[in-house]
Structures are given as structure tokens and as C-alpha cells.
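> To be precise about what I am sending: the file is called target-v7.txt and holds compact mmCIF, C-alpha atoms.
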# COMPACT_ATOMS: atom_id res chain seq x y z
CA MET I 1248 100.26 34.34 90.82
CA VAL I 1249 98.73 36.94 88.51
CA HIS I 1250 96.79 36.37 85.31
CA ALA I 1251 96.51 38.98 82.56
CA ARG I 1252 94.09 38.90 79.68
CA CYS I 1253 96.26 40.18 76.87
CA TRP I 1254 99.65 41.49 75.88
CA SER I 1255 100.22 43.68 72.88
CA GLY I 1256 102.86 42.06 70.70
CA VAL I 1257 102.12 38.39 71.30
CA GLY I 1258 99.11 36.97 69.55
CA ALA I 1259 97.55 34.20 67.57
CA VAL I 1260 99.09 33.25 64.24
CA LEU I 1261 97.06 31.59 61.50
CA LEU I 1262 99.28 29.65 59.08
CA CYS I 1263 98.26 28.80 55.50
CA ALA I 1264 94.73 29.93 56.19
CA SER I 1265 91.71 28.92 54.13
CA VAL I 1266 88.66 31.17 54.51
CA ALA I 1267 86.21 28.29 54.60
CA HIS I 1268 88.18 26.27 57.15
CA PRO I 1269 86.56 25.95 60.59
CA LEU I 1270 89.80 26.59 62.48
CA SER I 1271 90.09 30.25 63.31
CA ALA I 1272 91.44 32.51 66.05
CA ALA I 1273 87.84 33.24 67.05
CA ALA I 1274 87.04 29.53 67.52
CA GLN I 1275 90.11 28.24 69.38
CA ALA I 1276 91.34 29.83 72.58
CA ILE I 1277 93.94 29.60 75.34
CA SER I 1278 93.30 30.84 78.87
CA PRO I 1279 95.02 32.60 80.48
CA MET I 1280 97.22 34.14 77.79
CA ILE I 1281 99.67 35.58 80.34
CA THR I 1282 100.66 34.32 83.80
CA GLU I 1283 103.09 35.82 86.30
CA TYR I 1284 104.58 33.92 89.25
CA ARG I 1285 106.43 35.59 92.14
CA VAL I 1286 108.76 33.02 93.72
CA ASN I 1287 111.91 32.61 95.78
CA ALA I 1288 115.15 31.81 93.98
CA GLY I 1289 115.48 28.11 93.20
CA ALA I 1290 111.79 27.36 93.67
CA LYS I 1291 109.97 25.07 91.26
CA VAL I 1292 106.85 26.48 89.65
CA LYS I 1293 103.81 24.44 88.72
CA GLY I 1294 101.16 25.93 86.50
CA THR I 1295 98.34 25.19 84.09
CA PHE I 1296 96.55 26.70 81.14
CA GLU I 1297 93.50 25.58 79.20
CA VAL I 1298 93.11 24.99 75.47
CA ARG I 1299 89.50 25.16 74.28
CA ASN I 1300 88.02 23.52 71.20
CA PRO I 1301 84.44 24.75 70.72
CA THR I 1302 84.24 23.47 67.13
CA LEU I 1303 82.57 20.33 65.76
CA LEU I 1304 85.93 18.83 64.71
CA PRO I 1305 88.58 17.08 66.80
CA VAL I 1306 91.91 18.89 66.83
CA ARG I 1307 95.48 17.93 67.59
CA VAL I 1308 97.75 20.24 69.55
CA VAL I 1309 101.55 20.41 69.71
CA LEU I 1310 103.30 22.51 72.39
CA GLU I 1311 106.59 24.35 71.93
CA PRO I 1312 108.17 26.60 74.59
CA LEU I 1313 110.23 29.48 73.18
CA SER I 1314 112.28 32.21 74.79
CA PHE I 1315 111.87 35.73 73.46
CA SER I 1316 113.15 39.27 73.68
CA VAL I 1317 111.24 42.49 73.04
CA ASP I 1318 112.65 45.47 71.14
CA SER I 1319 112.19 49.15 71.89
CA LYS I 1320 108.96 49.30 69.88
CA GLY I 1321 107.43 46.35 71.73
CA ASP I 1322 107.87 43.73 69.01
CA PRO I 1323 108.92 40.24 70.22
CA ALA I 1324 111.59 38.03 68.62
CA TYR I 1325 111.45 34.30 69.44
CA ARG I 1326 114.26 31.78 69.78
CA LYS I 1327 114.99 28.34 71.17
CA LEU I 1328 114.35 28.06 74.90
CA ASP I 1329 117.28 29.57 76.80
CA GLU I 1330 119.72 27.33 78.63
CA GLY I 1331 118.98 27.34 82.31
CA VAL I 1332 115.22 27.42 81.77
CA ARG I 1333 113.59 24.00 81.93
CA VAL I 1334 109.92 23.42 81.16
CA ARG I 1335 108.31 20.00 81.52
CA PHE I 1336 104.84 19.04 80.31
CA ALA I 1337 102.78 15.97 81.08
CA ALA I 1338 102.43 15.71 77.28
CA THR I 1339 103.77 17.89 74.47
CA SER I 1340 101.10 16.75 72.00
CA PHE I 1341 97.51 15.70 72.51
CA ARG I 1342 94.09 15.53 70.91
CA ILE I 1343 90.99 17.49 71.93
CA ALA I 1344 87.56 16.14 71.07
CA PRO I 1345 84.87 18.42 69.62
CA ARG I 1346 83.44 20.93 72.10
CA GLN I 1347 85.91 19.89 74.78
CA ASN I 1348 88.65 21.61 76.76
CA TYR I 1349 92.10 20.33 77.72
CA THR I 1350 94.09 21.48 80.75
CA VAL I 1351 97.85 21.57 80.19
CA GLY I 1352 99.99 21.13 83.29
CA TYR I 1353 103.64 22.17 83.37
CA GLU I 1354 106.57 22.54 85.74
CA ILE I 1355 109.30 25.18 85.48
CA GLU I 1356 112.82 25.38 86.86
CA SER I 1357 115.09 28.32 86.13
CA ASP I 1358 118.71 28.90 87.12
CA ARG I 1359 118.08 32.65 87.30
CA LEU I 1360 115.32 35.12 87.94
CA PRO I 1361 113.58 36.80 86.26
CA ALA I 1362 112.81 34.35 83.46
CA TRP I 1363 110.14 34.42 80.79
CA PHE I 1364 109.03 32.39 77.80
CA THR I 1365 106.00 31.67 75.61
CA VAL I 1366 104.40 28.28 75.05
CA TYR I 1367 102.99 28.19 71.53
CA ALA I 1368 100.19 25.68 71.00
CA THR I 1369 99.96 24.73 67.33
CA ILE I 1370 96.40 23.55 66.62
CA ALA I 1371 95.30 21.67 63.51
CA ALA I 1372 92.32 19.55 62.52
CA ALA I 1373 92.98 15.99 63.71
CA ASN I 1374 91.26 14.28 60.77
CA VAL I 1375 93.26 16.05 58.03
CA GLU I 1376 96.35 14.12 56.92
CA THR I 1377 97.87 17.01 54.98
CA VAL I 1378 97.79 20.05 57.25
CA LYS I 1379 96.59 23.07 55.31
CA VAL I 1380 95.69 25.20 58.31
CA ALA I 1381 97.52 25.52 61.63
CA LEU I 1382 96.62 27.99 64.32
CA LYS I 1383 99.30 29.02 66.82
CA LEU I 1384 98.09 30.37 70.17
CA PRO I 1385 100.40 31.71 72.93
CA HIS I 1386 100.56 31.24 76.67
CA THR I 1387 103.27 33.53 78.08
CA VAL I 1388 104.86 32.86 81.47
CA TYR I 1389 106.91 35.19 83.68
CA VAL I 1390 108.79 33.69 86.63
CA LEU I 1391 109.79 36.63 88.81
CA PRO I 1392 111.54 37.23 92.13
CA LYS I 1393 109.69 38.64 95.11
CA GLN I 1394 111.37 42.02 94.60
CA VAL I 1395 109.46 44.44 92.36
CA ILE I 1396 110.78 47.12 90.05
CA SER I 1397 111.86 50.32 91.76
CA THR I 1398 110.55 53.64 90.47
CA ALA I 1399 114.16 54.86 90.63
CA SER I 1400 114.96 52.34 87.85
CA VAL I 1401 112.66 54.13 85.37
CA GLU I 1402 114.80 56.61 83.42
CA PHE I 1403 113.07 59.07 81.08
CA LEU I 1404 115.13 59.68 77.95
CA ARG I 1405 112.50 61.67 76.07
CA CYS I 1406 109.17 63.03 77.21
CA ASP I 1407 107.35 65.55 75.00
CA ALA I 1408 104.06 66.20 73.23
CA SER I 1409 103.14 67.76 69.90
CA LYS I 1410 99.64 69.09 69.41
CA GLU I 1411 100.54 69.87 65.79
CA PHE I 1412 101.41 66.21 65.07
CA HIS I 1413 98.87 64.77 67.57
CA THR I 1414 101.56 62.67 69.22
CA VAL I 1415 102.99 62.11 72.68
CA SER I 1416 106.55 60.72 72.62
CA VAL I 1417 107.96 58.98 75.69
CA ASP I 1418 111.24 57.06 75.67
CA ILE I 1419 112.15 55.23 78.87
CA ARG I 1420 114.81 52.79 80.06
CA ASN I 1421 114.72 50.19 82.80
CA THR I 1422 118.10 50.70 84.47
CA GLY I 1423 117.49 48.04 87.11
CA VAL I 1424 117.62 44.25 87.26
CA HIS I 1425 113.93 43.65 87.96
CA TYR I 1426 111.03 43.15 85.57
CA GLY I 1427 107.97 45.38 85.86
CA ARG I 1428 104.61 45.53 84.14
CA VAL I 1429 103.20 48.93 83.31
CA GLU I 1430 99.49 48.37 83.89
CA GLU I 1431 98.41 51.62 82.28
CA VAL I 1432 99.83 54.79 80.72
CA GLU I 1433 97.97 58.00 81.52
CA VAL I 1434 98.53 61.27 79.66
CA SER I 1435 96.84 64.39 81.00
CA SER I 1436 96.28 68.04 80.10
CA PRO I 1437 94.94 70.73 82.47
CA HIS I 1438 91.34 69.70 81.78
CA GLY I 1439 91.43 66.12 80.53
CA LYS I 1440 93.28 62.83 80.33
CA VAL I 1441 93.61 59.79 78.06
CA THR I 1442 94.68 56.28 79.15
CA TYR I 1443 96.56 53.75 77.04
CA ASN I 1444 97.34 50.04 77.35
CA GLY I 1445 100.28 48.98 79.44
CA PHE I 1446 103.24 46.76 78.52
CA PRO I 1447 105.95 44.53 80.02
CA PHE I 1448 109.13 46.40 80.98
CA PHE I 1449 112.20 44.17 80.97
CA PRO I 1450 115.52 44.68 82.83
CA GLY I 1451 117.84 46.87 80.77
CA GLN I 1452 115.20 47.49 78.12
CA GLN I 1453 114.66 50.80 76.36
CA ARG I 1454 111.05 51.38 75.32
CA GLU I 1455 109.72 53.96 72.84
CA LEU I 1456 106.09 55.02 73.17
CA ARG I 1457 104.33 57.00 70.44
CA LEU I 1458 100.84 57.74 71.66
CA PRO I 1459 98.09 59.44 69.63
CA TRP I 1460 96.71 62.66 71.15
CA ARG I 1461 93.54 64.25 69.71
CA GLU I 1462 92.48 66.47 72.60
CA HIS I 1463 92.24 70.27 72.24
CA GLU I 1464 94.88 71.09 74.86
CA THR I 1465 98.54 70.17 74.76
CA PRO I 1466 99.19 67.46 77.39
CA THR I 1467 101.50 68.33 80.26
CA GLN I 1468 102.09 65.10 82.17
CA VAL I 1469 102.51 61.35 81.73
CA VAL I 1470 101.97 58.73 84.43
CA LEU I 1471 103.21 55.12 84.23
CA ARG I 1472 101.13 52.99 86.60
CA PHE I 1473 102.69 49.79 87.89
CA ARG I 1474 100.79 47.37 90.12
CA GLU I 1475 102.71 48.50 93.20
CA SER I 1476 103.60 52.11 92.35
CA LYS I 1477 103.50 54.86 89.75
CA VAL I 1478 105.96 57.21 88.06
CA THR I 1479 105.00 60.74 86.99
CA HIS I 1480 106.94 62.94 84.58
CA PRO I 1481 106.20 66.32 82.94
CA LEU I 1482 105.79 66.55 79.18
CA ALA I 1483 107.73 69.20 77.29
CA ASP I 1484 105.97 71.15 74.54
CA ALA I 1485 107.60 69.87 71.36
CA ASP I 1486 105.81 72.47 69.21
CA ALA I 1487 107.29 75.36 71.23
CA ARG I 1488 110.76 73.88 70.92
CA HIS I 1489 110.41 73.49 67.15
CA THR I 1490 109.13 77.08 66.83
CA THR I 1491 112.13 78.39 68.77
CA SER I 1492 114.57 76.37 66.66
CA ARG I 1493 113.14 77.87 63.45
CA GLN I 1494 113.56 81.45 64.61
Show me, as C-alpha cells, the structure contained in the file I just sent.

Amino acid sequence: MVHARCWSGVGAVLLCASVAHPLSAAAQAISPMITEYRVNAGAKVKGTFEVRNPTLLPVRVVLEPLSFSVDSKGDPAYRKLDEGVRVRFAATSFRIAPRQNYTVGYEIESDRLPAWFTVYATIAAANVETVKVALKLPHTVYVLPKQVISTASVEFLRCDASKEFHTVSVDIRNTGVHYGRVEEVEVSSPHGKVTYNGFPFFPGQQRELRLPWREHETPTQVVLRFRESKVTHPLADADARHTTSRQ
């Protein structure tokens, strides 16, 4: 089991917010935000996450598991939980007293691997009859097979850098059937390098990366670092190509 602290693209949502209201993304929290399980096919998964209420008010919490897909730019789209994925909670709604924490236990069964979903916890003040503020916090779960993504499954569709436009452009596709998490993206020039946040890489997904580059030299190489391996690819000089095309 692996915990991760954050994932770009899934975050807290504050609904109908009032500035003076004590509920805020800074006050409420879920931990961990992301959990990965490596299991054998057909295995049941048991897990937990914690919802914290450090405020002086009691809150009520409602849980809703949702399946999602992620587009080429990394933006998620949510939908009703997919058939074949079953998530059971000890309770789908509960109350948390002031300055208390609540541990949510759940059990997962999936007819196929990999599987993934997000549990959104909708949090509202328990003593307010008409809800004016609701905070939605995510706990995202990946149930994965023992097999990891192969570096041969990472296909580079575009890989170039423009010093003129201060941008590195990398388009990749996961041609395999296994999920992988890019822990870190590293872009390097002959005398320097810059690292960027990683991202989840889903089976069959195409991903477009547009990375800012402010260094003096044009970068020449990009490295995608997975937990178990890494993939290196040269960067073409986009400025040179554009100059040639204008001649």
C-alpha cells in the first residue's frame, strides 16, 4: 500500500461559500488524499482514511464514491461508480464533534484490475438546518495488479523545447494495460535541470505536458521517473525547426 500527499487535478471544492463561515479548506482535512493498493486479482481490499475537524463546531459528513476519467490535459471528469466496482462503508454519513477526528473504514471489490475511484466527503456544519456552505474533500483510491507499467508502454508522440516561448512540450501515450504513476518529470540542459510534479498515467491514456522553461540554455532531455523505473527521451529544438520552416 502506498500513500501520496497530493494529486494535481483532484482537490477540495467549496460550495456556496461565505467568507465569514468557519468551514474552509484550510480547516477541514482528509488524510491520506491518495492511496494505492497492489493486490492479486479477485482480492478484497480493506482501507481507511481520516476526516479531521479542528474547528469549534460539530460537522456532518456524507460520503459518495465516484468513478472518474482523466483527459489529456490532466483534468478529471466524474461519474457514477462504475459497474463491477463495489465499495462498502461502515457508515456513509456521520457526525464529527468539535476538534475531533473520524476514521472511515471501507472495503472494495472489483471485477477487474486496475480500478480507481474517488470518495468525496461533503462536510457541512451540523447545527445549520439550511446548508449554506458545503466543503467537498477527496480521498482517491487506486486498486492495482501486482504488475507495474513497462517502460516499453510509454510512447512519445511529441518531445520538443522552445527557448523563445519558454516551453517544453511532451506528448506521451500509455500503450499498455497497466497503470503507472510518474513520480517526477525532469527536464535538463547541458548545465542545469528543472523538476516538475508527477501525475497518474492511465492505460490507453494520452497525456500532454506543457512545462515552463526559464533557464538560459535550451533543454535537451526529459526524464519520466516512475517508482520502479525511468524513461529518458531527447528533446528536439522547436526554435530551430521553426527557423528552418520560415526559410
> Go through segment 1409-1464 of chain I and flag each residue having an atom no more than 12 Å from segment 1284-1306 of chain I; for those, report the closest pair of atoms plus their distance in Å to one decimal, using only C-alpha atoms, ordered by chain and rising number, as a Markdown table.

| residue | atom | partner | partner_atom | distance |
| --- | --- | --- | --- | --- |
| I:His1425 | CA | I:Arg1285 | CA | 11.8 |
| I:Tyr1426 | CA | I:Arg1285 | CA | 11.0 |
| I:Gly1427 | CA | I:Arg1285 | CA | 11.7 |
> I:Arg1428, I:Arg1359, I:Lys1393, I:Arg1307: which is nearest Gly1331 of chain I, counting only C-alpha atoms?
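So, comparing all the options, the nearest one is I:Arg1359.
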> For Val1351 of chain I, find every residue with an atom within 12 Å (counting all atoms listed in the file), except residues of its own chain fewer than 2 positions away, and show them as a list in words.
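Those residues are Ile1277, Ser1278, Pro1279, Lys1293, Gly1294, Thr1295, Phe1296, Glu1297, Val1298, Arg1299, Val1308, Val1309, Leu1310, Arg1335, Phe1336, Ala1337, Ala1338, Thr1339, Ser1340, Phe1341, Arg1342, Ile1343, Asn1348, Tyr1349, Tyr1353, Glu1354, Val1366, Ala1368 and His1386 of chain I.
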> Of the residues I:Ala1408, I:Leu1456, I:Ala1399, I:Ile1281, which is the one nearest to Gly1321 of chain I, using all atoms listed in the file?
I:Leu1456
> Fewer than 4 positions away in the same chain doesn't count, so skip those; otherwise give me all residues within 9 Å of Val1441 of chain I, counting all atoms listed in the file, as a list in words.
Val1432, Glu1433, Val1434, Ser1435, Ser1436, Trp1460 and Glu1462 of chain I
> Write the residues of the preceding selection, restricted to C-alpha atoms, as a PDB file, in the frame of the given file.

ATOM      1  CA  VAL I1432      99.830  54.790  80.720  1.00  0.00           C
ATOM      2  CA  GLU I1433      97.970  58.000  81.520  1.00  0.00           C
ATOM      3  CA  VAL I1434      98.530  61.270  79.660  1.00  0.00           C
ATOM      4  CA  SER I1435      96.840  64.390  81.000  1.00  0.00           C
ATOM      5  CA  SER I1436      96.280  68.040  80.100  1.00  0.00           C
ATOM      6  CA  TRP I1460      96.710  62.660  71.150  1.00  0.00           C
ATOM      7  CA  GLU I1462      92.480  66.470  72.600  1.00  0.00           C
TER       8      GLU I1462
END
> What is the distance, in Å and to one decimal place, between atom CA of Ile1419 of chain I and atom CA of Ser1319 of chain I?
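Interatomic distance, atom CA of Ile1419 of chain I to atom CA of Ser1319 of chain I: 9.3 Å.
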> Excluding Thr1387 of chain I and residues on its chain fewer than 3 positions from it, collect all residues at most 8 Å away from it, counting only C-alpha atoms, and give them as a list in words.
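Neighbouring residues, sequence-local ones excluded: Met1280, Ile1281, Thr1282, Trp1363, Phe1364, Thr1365 and Val1366 of chain I.
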> Let me make sure I understand: among I:Thr1467, I:Ser1476, I:Ser1316, I:Ser1400, which one has the smallest atom-to-atom distance to Gly1439 of chain I if we use all atoms listed in the file?
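Using all atoms listed in the file, the shortest distance to Gly1439 of chain I belongs to I:Thr1467.
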> Given all atoms listed in the file as the basis, pick out the residue of I:Leu1458, I:Leu1328, I:Ile1355, I:Val1401 nearest to Asn1444 of chain I.
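Of the candidates, the smallest distance to Asn1444 of chain I is held by I:Leu1458.
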> Can you work out the spacing between atom CA of Val1395 of chain I and atom CA of Ser1357 of chain I in Å, to one decimal?
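If I compute the distance from atom CA of Val1395 of chain I to atom CA of Ser1357 of chain I, I get 18.2 Å.
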> What separation in Å, quoted to one decimal, exists between atom CA of Leu1404 of chain I and atom CA of Arg1420 of chain I?
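We find that atom CA of Leu1404 of chain I and atom CA of Arg1420 of chain I lie 7.2 Å from each other.
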> Counting all atoms listed in the file, find the residues whose atoms lie at most 10 Å from (115.8, 53.6, 79.2) (file coordinates) and write them out as a compact mmCIF listing (two decimals) with C-alpha atoms, in the coordinates of the input.

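Here's the written file point05.txt:
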# COMPACT_ATOMS: atom_id res chain seq x y z
CA SER I 1319 112.19 49.15 71.89
CA SER I 1400 114.96 52.34 87.85
CA VAL I 1401 112.66 54.13 85.37
CA GLU I 1402 114.80 56.61 83.42
CA PHE I 1403 113.07 59.07 81.08
CA LEU I 1404 115.13 59.68 77.95
CA ARG I 1405 112.50 61.67 76.07
CA ASP I 1418 111.24 57.06 75.67
CA ILE I 1419 112.15 55.23 78.87
CA ARG I 1420 114.81 52.79 80.06
CA ASN I 1421 114.72 50.19 82.80
CA THR I 1422 118.10 50.70 84.47
CA GLY I 1423 117.49 48.04 87.11
CA PHE I 1448 109.13 46.40 80.98
CA PRO I 1450 115.52 44.68 82.83
CA GLY I 1451 117.84 46.87 80.77
CA GLN I 1452 115.20 47.49 78.12
CA GLN I 1453 114.66 50.80 76.36
CA ARG I 1454 111.05 51.38 75.32
CA GLU I 1455 109.72 53.96 72.84
> Nearest residue to Asp1329 of chain I out of I:Ala1362, I:Val1317, I:Thr1350, I:Leu1382, using all atoms listed in the file?
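Under the stated criterion, the closest residue is I:Ala1362.
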> Find the residue from I:Ala1276, I:Ala1344, I:Val1417, I:Cys1406 that sits nearest to Thr1369 of chain I; use only C-alpha atoms when measuring.
I:Ala1276
> How would you write as a list in words the residues that get within 10 Å of (99.7, 67.7, 65.7) in the file's frame, counting all atoms listed in the file?
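Selection result: Ala1408, Ser1409, Lys1410, Glu1411, Phe1412, His1413, Thr1414, Val1415, Pro1459, Trp1460, Arg1461, Thr1465, Ala1485 and Asp1486 of chain I.
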